[in-house]
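Asks: Can you read through this structure? Questions will come right after.
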Amino acid sequence: MGVFLIAAGFPGRDAGEVLRDTVEAIAVAEEAGFDDAWIAEHHFMSYGVCPSAATLAGVALGRTSRIGVGTAVSVLSTRHPVDLAEQAAILDRVSGGRFTLGVGRGGPWVDLEVFGTGLERFERGFGESLDLLCAALDAGTVSAEGEFFRFRPVPVVPPARLRPVVACTSAPTVALAAERGLPMLLGMHIGDAERAAMIRSYRTASEGAGGERRGGRDGGLGNGDGDPGEGRDVGPGGGGRDGGAGGDADPGHVGAAVGYVADTTERAVRELREAMPRWLAPGLAGHVPVDGRPGPRRDIGAYVDFLCDTHPVGSPGRCAERIARTAGATGLRHLILMVEGAGDHARTLDNIRRLGEQVLPLVRDL
């Protein structure tokens, strides 16, 4: 069981303060008994104010000693895969194996213009980028002769054997991950039935590919496909646990969910309904498409109602029941809980502590 930190930019909060608070939340999650913590990445918007999940993960790894830390996700469409692999290798080696890289396709946002990677690579190049990333994380030497990357063989220094986790919100990306034997990160925007269907599709695609493994070492943790919190195709340790994708073996999929505990379910739901729209409405409106297409639209009130009704939100007993229900319906054994929904740092820390004390003991044996 892990926590998922979006570094949410609630109105009136300073971005630097949010980043510092995110690191503190991970330290508290370690004290509370969580296995891992996952950090989101966003550019040029208040929805999430961390533009480099790998950088903040490095800070968090330096402040902790046991908990795994991963990215949920590093946006591969705006990065050179080998550069990202080098950063992941540093964090893996320096932390003693506590880092896992989660990656995603991202969305057709202005980021592609700013970073110069372009819409064509976003639309056609995710598979090539992912293969190059995996090669750099699984070999002493890497080279490329593809449509978007071409370079001579170079040594990977420091070498590392890591298996990334892939954010999936669409059938093509599910198939892409399955064919490479890479675990999925499933967003909190979908319910258990949709998650179960995606896992079945993954199993089918993996069996069709012969269970081929193209990734590297089994990782510790764990935006396609977008951020696991937003979950748009245009657009979180156990992600790399041992096991195949077919049959009954656990390939290490990870599911994101809102996690919020209070004395009563009514109070928990009321607090999130009051707080989350203040963040989500301006935050999600910050997506600016690079090519002038209409921006994404979402009924914020209905979305918050869905999150409260579907996810571990409520009394300790209800939170545990929701986690158990998801595990039973989907087979997921690794959930990461978005704990920032109240928009108040003190309440976030209290939420993490209460989840650790009152909920984790009820679900450890699932």
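Chain labels A, B, ... are given in the sequence in which chains occur in the structure tokens; within each chain residues are numbered consecutively from 1, and ligands are likewise numbered from 1 in the order shown.
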Can you pull out the residues contacting Ser143 of chain A? Cut-off 10 Å, using only C-alpha atoms, and skip same-chain residues under 3 positions away; I want them as a ChimeraX atom specification.
Replies: /A:82,132,135-136,146,149-155
Asks: Dump N, CA, C and O atoms for the selected residues as a PDB file, in the first residue's frame?
Replies:
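Just written: result.pdb:
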```
ATOM      1  N   VAL A  82      16.949   8.230 -22.877  1.00  0.00           N
ATOM      2  CA  VAL A  82      18.232   7.863 -22.270  1.00  0.00           C
ATOM      3  C   VAL A  82      18.564   8.804 -21.123  1.00  0.00           C
ATOM      4  O   VAL A  82      19.088   8.385 -20.079  1.00  0.00           O
ATOM      5  N   LEU A 132      13.389   2.391 -26.138  1.00  0.00           N
ATOM      6  CA  LEU A 132      14.721   2.944 -25.916  1.00  0.00           C
ATOM      7  C   LEU A 132      14.981   3.111 -24.422  1.00  0.00           C
ATOM      8  O   LEU A 132      16.087   2.823 -23.938  1.00  0.00           O
ATOM      9  N   ALA A 135      15.735  -0.316 -23.035  1.00  0.00           N
ATOM     10  CA  ALA A 135      17.068  -0.752 -23.440  1.00  0.00           C
ATOM     11  C   ALA A 135      18.139  -0.090 -22.588  1.00  0.00           C
ATOM     12  O   ALA A 135      19.106  -0.734 -22.161  1.00  0.00           O
ATOM     13  N   ALA A 136      17.963   1.208 -22.307  1.00  0.00           N
ATOM     14  CA  ALA A 136      18.954   1.920 -21.497  1.00  0.00           C
ATOM     15  C   ALA A 136      18.942   1.467 -20.049  1.00  0.00           C
ATOM     16  O   ALA A 136      19.946   1.610 -19.345  1.00  0.00           O
ATOM     17  N   GLY A 146      15.838   4.552 -35.039  1.00  0.00           N
ATOM     18  CA  GLY A 146      14.401   4.620 -35.222  1.00  0.00           C
ATOM     19  C   GLY A 146      13.976   5.888 -35.918  1.00  0.00           C
ATOM     20  O   GLY A 146      14.789   6.658 -36.446  1.00  0.00           O
ATOM     21  N   PHE A 149      14.691   8.651 -32.881  1.00  0.00           N
ATOM     22  CA  PHE A 149      15.992   8.626 -32.203  1.00  0.00           C
ATOM     23  C   PHE A 149      16.994   7.857 -33.061  1.00  0.00           C
ATOM     24  O   PHE A 149      16.717   6.715 -33.466  1.00  0.00           O
ATOM     25  N   ARG A 150      18.128   8.478 -33.295  1.00  0.00           N
ATOM     26  CA  ARG A 150      19.218   7.839 -34.038  1.00  0.00           C
ATOM     27  C   ARG A 150      20.541   8.284 -33.422  1.00  0.00           C
ATOM     28  O   ARG A 150      20.847   9.472 -33.398  1.00  0.00           O
ATOM     29  N   PHE A 151      21.293   7.336 -32.914  1.00  0.00           N
ATOM     30  CA  PHE A 151      22.629   7.669 -32.403  1.00  0.00           C
ATOM     31  C   PHE A 151      23.453   6.400 -32.294  1.00  0.00           C
ATOM     32  O   PHE A 151      22.937   5.293 -32.228  1.00  0.00           O
ATOM     33  N   ARG A 152      24.770   6.580 -32.308  1.00  0.00           N
ATOM     34  CA  ARG A 152      25.719   5.470 -32.245  1.00  0.00           C
ATOM     35  C   ARG A 152      25.704   4.818 -30.859  1.00  0.00           C
ATOM     36  O   ARG A 152      25.195   5.412 -29.902  1.00  0.00           O
ATOM     37  N   PRO A 153      26.255   3.630 -30.702  1.00  0.00           N
ATOM     38  CA  PRO A 153      26.307   2.976 -29.390  1.00  0.00           C
ATOM     39  C   PRO A 153      27.085   3.797 -28.375  1.00  0.00           C
ATOM     40  O   PRO A 153      28.162   4.334 -28.674  1.00  0.00           O
ATOM     41  N   VAL A 154      26.527   3.905 -27.195  1.00  0.00           N
ATOM     42  CA  VAL A 154      27.196   4.593 -26.090  1.00  0.00           C
ATOM     43  C   VAL A 154      27.028   3.755 -24.827  1.00  0.00           C
ATOM     44  O   VAL A 154      26.023   3.050 -24.664  1.00  0.00           O
ATOM     45  N   PRO A 155      27.997   3.814 -23.910  1.00  0.00           N
ATOM     46  CA  PRO A 155      27.842   3.084 -22.641  1.00  0.00           C
ATOM     47  C   PRO A 155      26.864   3.799 -21.728  1.00  0.00           C
ATOM     48  O   PRO A 155      26.798   5.032 -21.708  1.00  0.00           O
TER      49      PRO A 155
END
```
Asks: Write out as a PyMOL selection string the set of residues from segment 39-251 of chain A that DSSP, computed on the backbone, places in strand (DSSP E).
Replies: chain A and resi 39+68-71+74-75+99-100+102-104+141-145+150-155+165-168+184-186
Asks: Those residues you just picked out, can you put them in a file as a PDB file, in the first residue's frame with C-alpha atoms?
Replies:
```pdb
ATOM      1  CA  ILE A  39       5.028  11.626  -7.094  1.00  0.00           C
ATOM      2  CA  GLY A  68      10.152   3.182  -1.763  1.00  0.00           C
ATOM      3  CA  VAL A  69       9.704   6.270  -3.924  1.00  0.00           C
ATOM      4  CA  GLY A  70       8.530   6.333  -7.515  1.00  0.00           C
ATOM      5  CA  THR A  71       7.310   8.655 -10.241  1.00  0.00           C
ATOM      6  CA  SER A  74       7.579  10.948 -15.603  1.00  0.00           C
ATOM      7  CA  VAL A  75       6.177  12.147 -18.938  1.00  0.00           C
ATOM      8  CA  PHE A  99      13.415   4.006  -6.576  1.00  0.00           C
ATOM      9  CA  THR A 100      11.103   2.901  -9.359  1.00  0.00           C
ATOM     10  CA  GLY A 102       6.796   5.204 -13.677  1.00  0.00           C
ATOM     11  CA  VAL A 103       6.329   6.662 -17.151  1.00  0.00           C
ATOM     12  CA  GLY A 104       3.448   7.769 -19.323  1.00  0.00           C
ATOM     13  CA  THR A 141      25.384  -0.115 -24.085  1.00  0.00           C
ATOM     14  CA  VAL A 142      22.539   1.568 -25.945  1.00  0.00           C
ATOM     15  CA  SER A 143      22.026   2.825 -29.513  1.00  0.00           C
ATOM     16  CA  ALA A 144      19.085   3.833 -31.684  1.00  0.00           C
ATOM     17  CA  GLU A 145      18.053   3.579 -35.348  1.00  0.00           C
ATOM     18  CA  ARG A 150      19.218   7.839 -34.038  1.00  0.00           C
ATOM     19  CA  PHE A 151      22.629   7.669 -32.403  1.00  0.00           C
ATOM     20  CA  ARG A 152      25.719   5.470 -32.245  1.00  0.00           C
ATOM     21  CA  PRO A 153      26.307   2.976 -29.390  1.00  0.00           C
ATOM     22  CA  VAL A 154      27.196   4.593 -26.090  1.00  0.00           C
ATOM     23  CA  PRO A 155      27.842   3.084 -22.641  1.00  0.00           C
ATOM     24  CA  VAL A 165       5.723   0.981 -14.776  1.00  0.00           C
ATOM     25  CA  VAL A 166       3.508   2.338 -17.571  1.00  0.00           C
ATOM     26  CA  ALA A 167       0.454   4.565 -17.036  1.00  0.00           C
ATOM     27  CA  CYS A 168      -2.378   3.086 -19.126  1.00  0.00           C
ATOM     28  CA  MET A 184       0.427  -0.979 -15.616  1.00  0.00           C
ATOM     29  CA  LEU A 185      -0.413   2.040 -13.489  1.00  0.00           C
ATOM     30  CA  LEU A 186      -4.189   2.481 -13.567  1.00  0.00           C
TER      31      LEU A 186
END
```
Asks: Name all residues at most 9 Å from Cys308 of chain A (count only C-alpha atoms; drop same-chain ones fewer than 5 positions away) and give them as a list in words.
Replies: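 Answer for this query is Val258, Tyr260, Ala268, Val269, Leu272, Arg273, Tyr303, Val313 and Gly314 of chain A.
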Asks: The selected residues should be written to file as a short mmCIF file (atom, residue, chain, number, x, y, z; two decimals), in the first residue's frame (atoms: N, CA, C and O atoms).
Replies:
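Result written to result.cif:
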```
data_model
loop_
_atom_site.label_atom_id
_atom_site.label_comp_id
_atom_site.auth_asym_id
_atom_site.auth_seq_id
_atom_site.Cartn_x
_atom_site.Cartn_y
_atom_site.Cartn_z
N VAL A 258 -8.29 7.75 -4.48
CA VAL A 258 -8.34 8.73 -3.41
C VAL A 258 -8.43 7.99 -2.08
O VAL A 258 -9.18 7.01 -1.95
N TYR A 260 -9.06 8.93 1.96
CA TYR A 260 -9.34 10.01 2.91
C TYR A 260 -10.19 9.45 4.03
O TYR A 260 -11.30 8.94 3.80
N ALA A 268 -16.13 12.75 6.01
CA ALA A 268 -15.09 12.64 5.00
C ALA A 268 -15.59 13.11 3.64
O ALA A 268 -14.91 13.87 2.93
N VAL A 269 -16.78 12.67 3.26
CA VAL A 269 -17.34 13.06 1.97
C VAL A 269 -17.61 14.56 1.94
O VAL A 269 -17.30 15.23 0.94
N LEU A 272 -14.29 16.53 1.41
CA LEU A 272 -13.74 16.47 0.06
C LEU A 272 -14.62 17.21 -0.94
O LEU A 272 -14.11 17.87 -1.85
N ARG A 273 -15.93 17.12 -0.76
CA ARG A 273 -16.82 17.87 -1.66
C ARG A 273 -16.63 19.38 -1.53
O ARG A 273 -16.81 20.12 -2.49
N TYR A 303 -17.46 14.46 -10.83
CA TYR A 303 -16.20 13.71 -10.68
C TYR A 303 -15.87 13.51 -9.20
O TYR A 303 -15.49 12.42 -8.78
N VAL A 313 -12.90 6.45 0.86
CA VAL A 313 -13.23 7.74 1.46
C VAL A 313 -14.29 7.48 2.51
O VAL A 313 -15.37 6.98 2.20
N GLY A 314 -13.99 7.80 3.78
CA GLY A 314 -14.99 7.60 4.82
C GLY A 314 -14.38 7.23 6.14
O GLY A 314 -13.24 7.59 6.46
#
```
Asks: Could you check which of A:Gly62, A:Pro294, A:Pro164, A:Gly2 is closest to Pro81 of chain A, using only C-alpha atoms?
Replies: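 Looking only at the distances to Pro81 of chain A, the closest residue turns out to be A:Pro164.
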Asks: Here is a test: counting only C-alpha atoms, which residue of A:Thr326, A:Ser95, A:Thr22, A:Thr310 is nearest to Thr348 of chain A?
Replies: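 Using only C-alpha atoms, the shortest distance to Thr348 of chain A belongs to A:Thr22.
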Asks: Here is a test: counting only C-alpha atoms, which residue of A:Ala27, A:Ala320, A:Leu5, A:Ala37 is nearest to Val359 of chain A?
Replies: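 Closest to Val359 of chain A, using only C-alpha atoms: A:Ala320.
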Asks: Report, in Å to a single decimal, how far apart atom CA of Val110 of chain A and atom CA of Arg293 of chain A are.
Replies: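 Taking atom CA of Arg293 of chain A and atom CA of Val110 of chain A, their separation equals 11.4 Å.
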